[in-house]
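Working notes, structure below.
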Amino acid sequence: MSLVNFTAREITCKIVYYGPGRSGKTTNLQYVFGRVPETRRGRMVSLATHGDRTLFFDFLPIELGSISGFTTRFQLYTVPGQSYYNATRKLVLQGADGVVFVADSQARRFDDNIESLQNLQENLLEQGVDVRQMPIVFQYNKQDLPRDLVLARADLDEALNFRGVESFAADALHGSGVFETLKGISELVLRKLAVGGPAA
Amino acid sequence: MSGLNPQFRFDTLVVGAANRLAATAARAVAEAPGTVYNPLFIYARPGLGKTHLLMAMGHAAAAIDPRLAVEYVTADAFLESFATAVAGGQGEAHRRRFSDVGLLLLDDVQFLSQRREAQAELIRLIDGLQAAARQIVLASDRPPAEIEGLDERLIRRFAGGLVIDILAPDYETRVAILRRRAEERGVAFGPGVLEAAASADSDSVRELIGSLNRLIAFQAASDAPLDPMQARLLLGSPEPAGIEAQDSVPPAEWSPPGPASAALPPEAAPRDEFADFLSEVSATVSQQVESWRARVAEAVLRWEGEGYRTARLERLLSEEVVADPHAVLDGYAEDVARLRAIGAELAEGAPALAGSAELFDPDNVAAAEALLERARHGVNPPPAPSPHWRLESFLEGASNRIAVRAAQSVAAEGPGRYNPFVIVGASGVGKTHLLHGLGNALAARGGVVACLGAHEFVDELIDAIDREATAAWRARYRAVDAFLLDDVHVVAGKDRTQDELFLLFNLLLESGRQMAFTSAVPLADMQGIEPRLLTRLEGGLVVELPAPDRALRQAAIERLLAARLDGVDPELAAYIAARPADSMRSALGLVQRVLNAAEVQQVHPTAALAREVLEGPVTRGPRRAASRVSGVLAPTAGGIRSREKMVWEWPDAAARLIEEWR
């Protein structure tokens with residue numbers, strides 16, 4: 001995927017929301033979908049099971065219009081969190097320009113977070129992507145739950161965010177931290193325009 | 001004038017209360033450098049226009065007096081060049097470089113903090129410039145006294161001129177700056193928008209320009225022009241006093257998720273998160289995408305500072321849409337690299353051409369290539385083999401078969417066969433003919449063949465040393481495809497020539513180019529030649545070219561007679577060939593004598609005439625005997641076989657003179 005196409009004057013950013021099942025990835029996209037004016041958004045594709053679990057992936061295209069002469073669009077994807085859908089995760093991860101890792105802040109989901117993060121690193125590595133070069137931010141979701149059920153942002157940072165990238169506390173259901181996360185990853189992805197020059 | 005941003009001029013400088021004093025002083029200095037406020041020291045927090053002011057002075061001073069040398073340099077660049085000069089033992093050259101400057105603009109002086117050596121150098125420089133009534137202007141982000149570890153003497157010198165500061169721009173100046181920059185960018189805003197932006201807390205002009213960039217980006221991505229309220233929201237500016245309540249946006253609060261209501265325009269929503277997001281993305285994209293312009297501008301400054309023509313890059317800046325600016329920058333850098341390589345080669349081979357204008361125009365690398373090509377071959381090519389001596393015309397016989405076949409083999413196969421190829425033989429046996437013949441054969445294969453005598457080689461070197469042009473002389477031979485040197489024994493005792501020959505030898509051998517040498521002295525008997533050179537000569541193929549045998553002499557004589565007469569008299573040729581001769585030259589000399597005598601006597605040359613010419617009339621016998629009485633004893637043929645070289649054997653003085661002349 002070409003991040004910036006100088007000839008066609010297009011910028012396309014593919015951002016993948018990654019994380020364990022039921023951590024709130026689809027909820028993030030739904031909140032964003034709800035806030036984007038109709039004229040700016042495409043149809044949100046969501047393939048879900050009866051239990052509202054993501055079966056394949058969610059896809060939300062957002063048209064940001066012409067910025068500095070470049071037609072700019074964001075494509076937001078989620079991956080299915082359940083461990084047996086790894087093939088789909090690999091597929092969705094292909095060509096990603098940035099990753100939002102949505103962690104479930106609940107203490108009981110601690111191991112699921114670790115496992116999913118390791119899975120992300122394995123899948124990136126398998127695709128020949130240097131994990132250190134991939135723009136990534138962490139979102140610690142469900143911070144609205146009672147304090148005794150969730151881990152603090154500092155604890156989650158220590159457990160997951162060993163690269164010290166930007167992290168956001170969030171309550172995706174009510175929207176808190178959703179756009180902050182999206183801004184954070186967008187900034188990282190777009191900064192690569194200048195650093196990396198035109199992508200192939 | 002070097003290193004000045006063309007945008008930073010007095011006419012693009014917005015002057016307000018905060019910088020009026022500094023701007024006035026700067027103008028006064030620019031109009032009469034070295035006469036008022038010397039040195040002029042300007043300090044201000046980053047982003048308040050110090051560099052702009054410095055460069056504006058440079059432009060103005062140069063416009064008034066185009067002959068004035070203006071130099072802009074940052075303190076860290078000054079430090080780096082000073083350190084490099086000192087490391088290379090060129091401290092004095094570094095000093096000279098700045099001592100000729102009429103207006104020196106030294107930016108970011110705070111970087112001299114704790115650099116004692118560089119500070120001492122700067123003191124010397126200031127003293128030198130002041131003594132010569134030349135101007136120095138310095139800029140720093142803090143006053144001299146606050147620069148840590150700054151030499152007291154420097155502080156005193158700065159105080160002796162004028163130390164002046166620039167403050168943060170006031171509101172009116174900020175508005176004026178925004179208006180001017182928006183106009184330069186060709187962007188129009190609604191009433192009150194720029195004023196709203198100017199009301200934001202801003203510590204520097206750079207921040208102000210950043211705010212303007214945000215506004216431009218947001219407006220470009222919006223369907224409708226910005227209004228002042230949106231500008232304030234975007235930039236976090238305080239609301240002006242007395243603003244109507246309905247114009248203000250309610251405090252941010254979280255809304256439940258759900259589709260955006262069509263009834264509520266984005267700006268009327270309690271908090272338009274998407275608009276915020278769009279604003280941030282727009283600013284980032286604008287900054288990043290437009291960063292190529294900054295990179296191109298930096299490149300223009302850099303290359304222009306180094307003297308290269310930057311028309312290609314300047315065209316890029318003037319274009320609205322550029323397909324791939326990175327490729328253009330990379331291509332330009334590649335062309336500059338090629339020009340530098342050409343310049344380096346010219347500096348080595350033809351220093352007089354090293355400063356040519358062709359070497360500074362990346363848009364016309366072909367001209368530089370042509371210049372290099374001319375320098376390599378066209379201007380002063382090395383001596384070529386004589387066209388009169390061809391390898392095909394070299395007579396082959398039993399005595400010289402090995403040497404001739406080897407030469408033919410070298411000519412046919414090139415340096416892969418025998419390199420170097422060394423021909424050893426007495427004077428007059430045909431070494432030079434064989435060498436030049438080989439040279440012509442090699443030249444026919446293509447490429448430049450240098451073929452010359454060692455005497456000529458030595459003379460050229462002496463001349464080059466005399467003209468201080470050894471680099472050019474050296475490069476001329478280093479560029480050849482084959483190098484053939486006649487009479488290499490002549491370099492004996494000439495150490496410098498041997499050094500040059502040794503270096504040339506190694507270079508040509510390593511690059512697989514053919515070399516051939518002749519010597520009248522067997523290599524084993526050579527004296528005064530350095531062993532390192534001698535062993536290299538022995539490392540190729542050394543062949544001996546012996547004196548021609550009788551059959552070979554006869555063939556050569558017949559060929560000469562055939563060329564000069566209508567028919568060849570076999571008896572004449574056989575007679576002359578039978579005469580003792582230790583070289584082909586002497587054998588052909590006999591023919592020449594006979595032909596001369598025939599011409600004088602106006603008769604056809606015959607064996608009888610030859611006998612008379614070469615042996616003399618029978619009546620001369622007693623004369624020869626008488627001469628022996630004089631005490632001079634002619635050696636036998638075993639000692640000197642060329643009887644014709646004995647003066648009393650010569651029939652007349654004219655023949656002797658002709659022979660000597662020949």
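Simple scheme: letters A, B, ... for chains in structure tokens order, numbers from 1 for residues in each chain, numbers from 1 for ligands in the order shown.
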
What parts of chain A does DSSP call helix (DSSP H, G or I)? I'd like the answer as an MDAnalysis selection string. chainID A and resid 25:35 38:40 83:93 107:126 153:160 178:196

Could the residues in this selection be saved with C-alpha atoms as a PDB file, in the first residue's frame?
ATOM      1  CA  LYS A  25     -11.767  -2.458  18.980  1.00  0.00           C
ATOM      2  CA  THR A  26     -15.074  -2.456  17.139  1.00  0.00           C
ATOM      3  CA  THR A  27     -16.502  -0.067  19.735  1.00  0.00           C
ATOM      4  CA  ASN A  28     -13.730   2.380  18.866  1.00  0.00           C
ATOM      5  CA  LEU A  29     -14.688   2.254  15.209  1.00  0.00           C
ATOM      6  CA  GLN A  30     -18.362   2.589  15.979  1.00  0.00           C
ATOM      7  CA  TYR A  31     -17.716   5.695  18.024  1.00  0.00           C
ATOM      8  CA  VAL A  32     -15.613   7.208  15.277  1.00  0.00           C
ATOM      9  CA  PHE A  33     -18.290   6.294  12.739  1.00  0.00           C
ATOM     10  CA  GLY A  34     -20.845   8.096  14.858  1.00  0.00           C
ATOM     11  CA  ARG A  35     -18.785  11.271  14.928  1.00  0.00           C
ATOM     12  CA  GLU A  38     -22.022  11.387   6.596  1.00  0.00           C
ATOM     13  CA  THR A  39     -20.392  13.219   3.731  1.00  0.00           C
ATOM     14  CA  ARG A  40     -16.966  12.240   4.996  1.00  0.00           C
ATOM     15  CA  SER A  83      -7.026 -16.542  18.976  1.00  0.00           C
ATOM     16  CA  TYR A  84      -8.325 -18.950  16.289  1.00  0.00           C
ATOM     17  CA  TYR A  85      -8.680 -16.189  13.694  1.00  0.00           C
ATOM     18  CA  ASN A  86      -4.966 -15.601  13.298  1.00  0.00           C
ATOM     19  CA  ALA A  87      -5.025 -16.063   9.512  1.00  0.00           C
ATOM     20  CA  THR A  88      -7.541 -13.225   9.238  1.00  0.00           C
ATOM     21  CA  ARG A  89      -5.446 -11.036  11.519  1.00  0.00           C
ATOM     22  CA  LYS A  90      -2.415 -11.563   9.310  1.00  0.00           C
ATOM     23  CA  LEU A  91      -4.447 -10.656   6.271  1.00  0.00           C
ATOM     24  CA  VAL A  92      -5.800  -7.453   7.791  1.00  0.00           C
ATOM     25  CA  LEU A  93      -2.375  -6.489   9.108  1.00  0.00           C
ATOM     26  CA  ALA A 107      -6.885  -7.275  35.600  1.00  0.00           C
ATOM     27  CA  ARG A 108      -8.342 -10.635  34.648  1.00  0.00           C
ATOM     28  CA  ARG A 109      -7.594  -9.989  31.001  1.00  0.00           C
ATOM     29  CA  PHE A 110      -3.940  -9.236  31.683  1.00  0.00           C
ATOM     30  CA  ASP A 111      -2.627 -12.456  30.118  1.00  0.00           C
ATOM     31  CA  ASP A 112      -4.895 -12.031  27.069  1.00  0.00           C
ATOM     32  CA  ASN A 113      -3.322  -8.654  26.449  1.00  0.00           C
ATOM     33  CA  ILE A 114       0.170 -10.083  26.666  1.00  0.00           C
ATOM     34  CA  GLU A 115      -0.712 -12.949  24.366  1.00  0.00           C
ATOM     35  CA  SER A 116      -2.301 -10.666  21.791  1.00  0.00           C
ATOM     36  CA  LEU A 117       0.675  -8.282  21.843  1.00  0.00           C
ATOM     37  CA  GLN A 118       3.046 -11.195  21.285  1.00  0.00           C
ATOM     38  CA  ASN A 119       0.819 -12.360  18.453  1.00  0.00           C
ATOM     39  CA  LEU A 120       0.986  -8.896  16.891  1.00  0.00           C
ATOM     40  CA  GLN A 121       4.760  -8.906  17.034  1.00  0.00           C
ATOM     41  CA  GLU A 122       4.956 -12.402  15.555  1.00  0.00           C
ATOM     42  CA  ASN A 123       2.622 -11.512  12.719  1.00  0.00           C
ATOM     43  CA  LEU A 124       4.508  -8.324  11.890  1.00  0.00           C
ATOM     44  CA  LEU A 125       7.792 -10.160  11.988  1.00  0.00           C
ATOM     45  CA  GLU A 126       6.400 -12.826   9.690  1.00  0.00           C
ATOM     46  CA  ARG A 153      -2.461   3.079  33.088  1.00  0.00           C
ATOM     47  CA  ALA A 154       1.024   3.090  34.638  1.00  0.00           C
ATOM     48  CA  ASP A 155       0.796  -0.642  35.398  1.00  0.00           C
ATOM     49  CA  LEU A 156      -0.362  -1.423  31.880  1.00  0.00           C
ATOM     50  CA  ASP A 157       2.380   0.736  30.454  1.00  0.00           C
ATOM     51  CA  GLU A 158       4.928  -1.200  32.440  1.00  0.00           C
ATOM     52  CA  ALA A 159       3.543  -4.549  31.297  1.00  0.00           C
ATOM     53  CA  LEU A 160       2.867  -3.817  27.635  1.00  0.00           C
ATOM     54  CA  VAL A 178     -11.189   7.369  21.224  1.00  0.00           C
ATOM     55  CA  PHE A 179     -10.300  10.381  19.100  1.00  0.00           C
ATOM     56  CA  GLU A 180      -7.246  11.099  21.199  1.00  0.00           C
ATOM     57  CA  THR A 181      -5.994   7.637  20.272  1.00  0.00           C
ATOM     58  CA  LEU A 182      -6.852   8.170  16.619  1.00  0.00           C
ATOM     59  CA  LYS A 183      -5.065  11.519  16.619  1.00  0.00           C
ATOM     60  CA  GLY A 184      -2.049   9.930  18.280  1.00  0.00           C
ATOM     61  CA  ILE A 185      -1.644   7.182  15.700  1.00  0.00           C
ATOM     62  CA  SER A 186      -2.433   9.551  12.804  1.00  0.00           C
ATOM     63  CA  GLU A 187       0.288  11.907  13.925  1.00  0.00           C
ATOM     64  CA  LEU A 188       2.820   9.077  14.057  1.00  0.00           C
ATOM     65  CA  VAL A 189       1.793   7.720  10.665  1.00  0.00           C
ATOM     66  CA  LEU A 190       1.805  11.114   8.972  1.00  0.00           C
ATOM     67  CA  ARG A 191       5.142  12.066  10.490  1.00  0.00           C
ATOM     68  CA  LYS A 192       6.614   9.223   8.501  1.00  0.00           C
ATOM     69  CA  LEU A 193       5.766  11.121   5.327  1.00  0.00           C
ATOM     70  CA  ALA A 194       8.742  13.369   5.851  1.00  0.00           C
ATOM     71  CA  VAL A 195      11.007  10.861   7.512  1.00  0.00           C
ATOM     72  CA  GLY A 196      10.551   8.091   5.007  1.00  0.00           C
TER      73      GLY A 196
END

Nearest to B:Ser99 among B:Leu122, B:Ala311, B:Ala83, B:Phe111, with distances taken over only C-alpha atoms: which residue is it? B:Leu122

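Interatomic distance, atom CA of A:Gln127 against atom CA of A:Phe57: 18.9 Å.
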
Pick out each residue of stretch 351-438 of chain B that DSSP on the backbone tags as strand (DSSP E); I need them as a list of chain:residue names. B:Phe421, B:Val422, B:Ile423, B:Val424

Please produce a file of the residues just selected, as a PDB file, in the first residue's frame, where the atoms kept are N, CA and C atoms.
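The result, stored in selection31.pdb:
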ATOM      1  N   PHE B 421      56.428  -5.029 -21.798  1.00  0.00           N
ATOM      2  CA  PHE B 421      57.168  -5.670 -22.881  1.00  0.00           C
ATOM      3  C   PHE B 421      58.440  -4.850 -23.064  1.00  0.00           C
ATOM      4  N   VAL B 422      59.583  -5.503 -22.862  1.00  0.00           N
ATOM      5  CA  VAL B 422      60.850  -4.756 -22.882  1.00  0.00           C
ATOM      6  C   VAL B 422      61.736  -5.287 -24.010  1.00  0.00           C
ATOM      7  N   ILE B 423      62.211  -4.377 -24.866  1.00  0.00           N
ATOM      8  CA  ILE B 423      63.058  -4.745 -26.003  1.00  0.00           C
ATOM      9  C   ILE B 423      64.469  -4.245 -25.700  1.00  0.00           C
ATOM     10  N   VAL B 424      65.416  -5.138 -25.685  1.00  0.00           N
ATOM     11  CA  VAL B 424      66.798  -4.752 -25.400  1.00  0.00           C
ATOM     12  C   VAL B 424      67.633  -4.998 -26.642  1.00  0.00           C
TER      13      VAL B 424
END

Excluding same-chain residues fewer than 5 positions from B:Val101, what lies within 7 Å of it counting only C-alpha atoms, as a ChimeraX atom specification? /B:69-71
